[in-house]
Amino acid sequence: MAEAFQPDQLATDKAGRYRDLAVEIAAVLDGEPDLTARMATVSSMLRAAFAHFFWVGFYVVDRTRTEELVVGPYQGTLGCLRIAFTRGVCGAAARERRTVVVEDVDAFPGHIACDSRSRSEIVVPVLGPDGDLLAVLDVDAETPGAFDAVDALGLETIVAQTFAR
Ligand code: SME
């Protein structure tokens with residue numbers, strides 16, 4: 001077991017914080033193959049590291065349905081349970097397999113408001129070792145424009161190291 005996670009000891013600049021967090025997450029998850037445990041741990045540690053992450057968690061591809069996501073481990077207020085690939089920011093990221101940054105949720109056609117306090121959002125596709133889509137990672141904030149290219153790179157790096165190998 002790794003030492004206790006101390007978010008206040010992470011770098012204070014955003015890029016450095018993502019770098020430090022990636023190291024901490026890898027240490028905590030070392031040797032743990034269970035995907036639910038990995039997603040729950042990533043959600044918890046991201047939420048602890050970034051105070052403005054109002055909602056952070058995973059929507060997992062439901063293999064028993066056609067192109068549909070079902071809510072997975074998350075931290076925050078009540079999330080919607082299911083999202084079709086045709087809907088919302090999560091659906092767009094799943095369909096297009098690319099990170100989607102939404103500076104203002106009101107300006108994104110089809111945005112799904114699970115909680116009306118959410119003002120901006122980033123969704124990163126989660127690929128497995130074979131390149132198959134496992135899930136998407138969704139992070140919401142209560143302020144507009146909370147996410148940028150540094151968040152995209154930081155989250156993509158954590159997701160790749162945690163789920164793609
Ligand atoms: N806003 C997302 C739905 C998920 S919640 O934000 C937790 C979307 O439009 O896909």
# chains A, B, ... in the order shown; residues from 1 in each chain; ligands from 1
call {"tool": "residues_near_ligand", "arguments": {"ligand": "ligand 1", "cutoff": "6 Å", "atoms": "only C-alpha atoms and all ligand atoms", "output": "PyMOL selection string"}}
result
chain A and resi 79+88-91+111-114
call {"tool": "write_last_selection", "arguments": {"atoms": "N, CA, C and O atoms", "output": "CSV table (one decimal), in the first residue's frame"}}
result
chain,number,residue,atom,x,y,z
A,79,GLY,N,-25.6,11.8,-10.6
A,79,GLY,CA,-25.4,11.9,-12.1
A,79,GLY,C,-26.6,11.2,-12.8
A,79,GLY,O,-27.2,10.3,-12.3
A,88,GLY,N,-25.5,14.5,-25.7
A,88,GLY,CA,-24.6,15.1,-24.7
A,88,GLY,C,-23.1,15.2,-25.1
A,88,GLY,O,-22.7,14.8,-26.2
A,89,VAL,N,-22.4,15.8,-24.2
A,89,VAL,CA,-20.9,15.9,-24.4
A,89,VAL,C,-20.3,14.5,-24.2
A,89,VAL,O,-19.4,14.2,-25.0
A,90,CYS,N,-20.8,13.7,-23.3
A,90,CYS,CA,-20.3,12.4,-23.1
A,90,CYS,C,-20.5,11.5,-24.4
A,90,CYS,O,-19.6,10.8,-24.8
A,91,GLY,N,-21.7,11.6,-25.0
A,91,GLY,CA,-21.9,10.9,-26.2
A,91,GLY,C,-21.0,11.3,-27.3
A,91,GLY,O,-20.5,10.5,-28.1
A,111,HIS,N,-26.3,19.4,-24.8
A,111,HIS,CA,-25.7,19.2,-23.4
A,111,HIS,C,-26.7,18.7,-22.5
A,111,HIS,O,-27.9,19.1,-22.5
A,112,ILE,N,-26.4,17.6,-21.7
A,112,ILE,CA,-27.3,17.1,-20.7
A,112,ILE,C,-27.0,17.6,-19.4
A,112,ILE,O,-25.9,17.5,-18.8
A,113,ALA,N,-28.0,18.3,-18.8
A,113,ALA,CA,-27.8,19.0,-17.5
A,113,ALA,C,-28.2,18.0,-16.4
A,113,ALA,O,-29.4,18.0,-16.0
A,114,CYS,N,-27.3,17.2,-15.9
A,114,CYS,CA,-27.6,16.3,-14.7
A,114,CYS,C,-27.7,17.2,-13.5
A,114,CYS,O,-28.5,16.9,-12.6
call {"tool": "residues_around", "arguments": {"residues": "A:Arg97", "least_positions_apart": "3", "cutoff": "12 Å", "atoms": "only C-alpha atoms", "output": "PyMOL selection string"}}
result
chain A and resi 85+89-94+100+123-127+131-137+156
call {"tool": "select_by_dssp", "arguments": {"residues": "stretch 37-85 of chain A", "states": "helix (DSSP H, G or I)", "output": "ChimeraX atom specification"}}
result
/A:37-49
call {"tool": "atom_distance", "arguments": {"atom1": "atom CA of A:Asp8", "atom2": "atom CA of A:Gly154"}}
result
17.9 Å
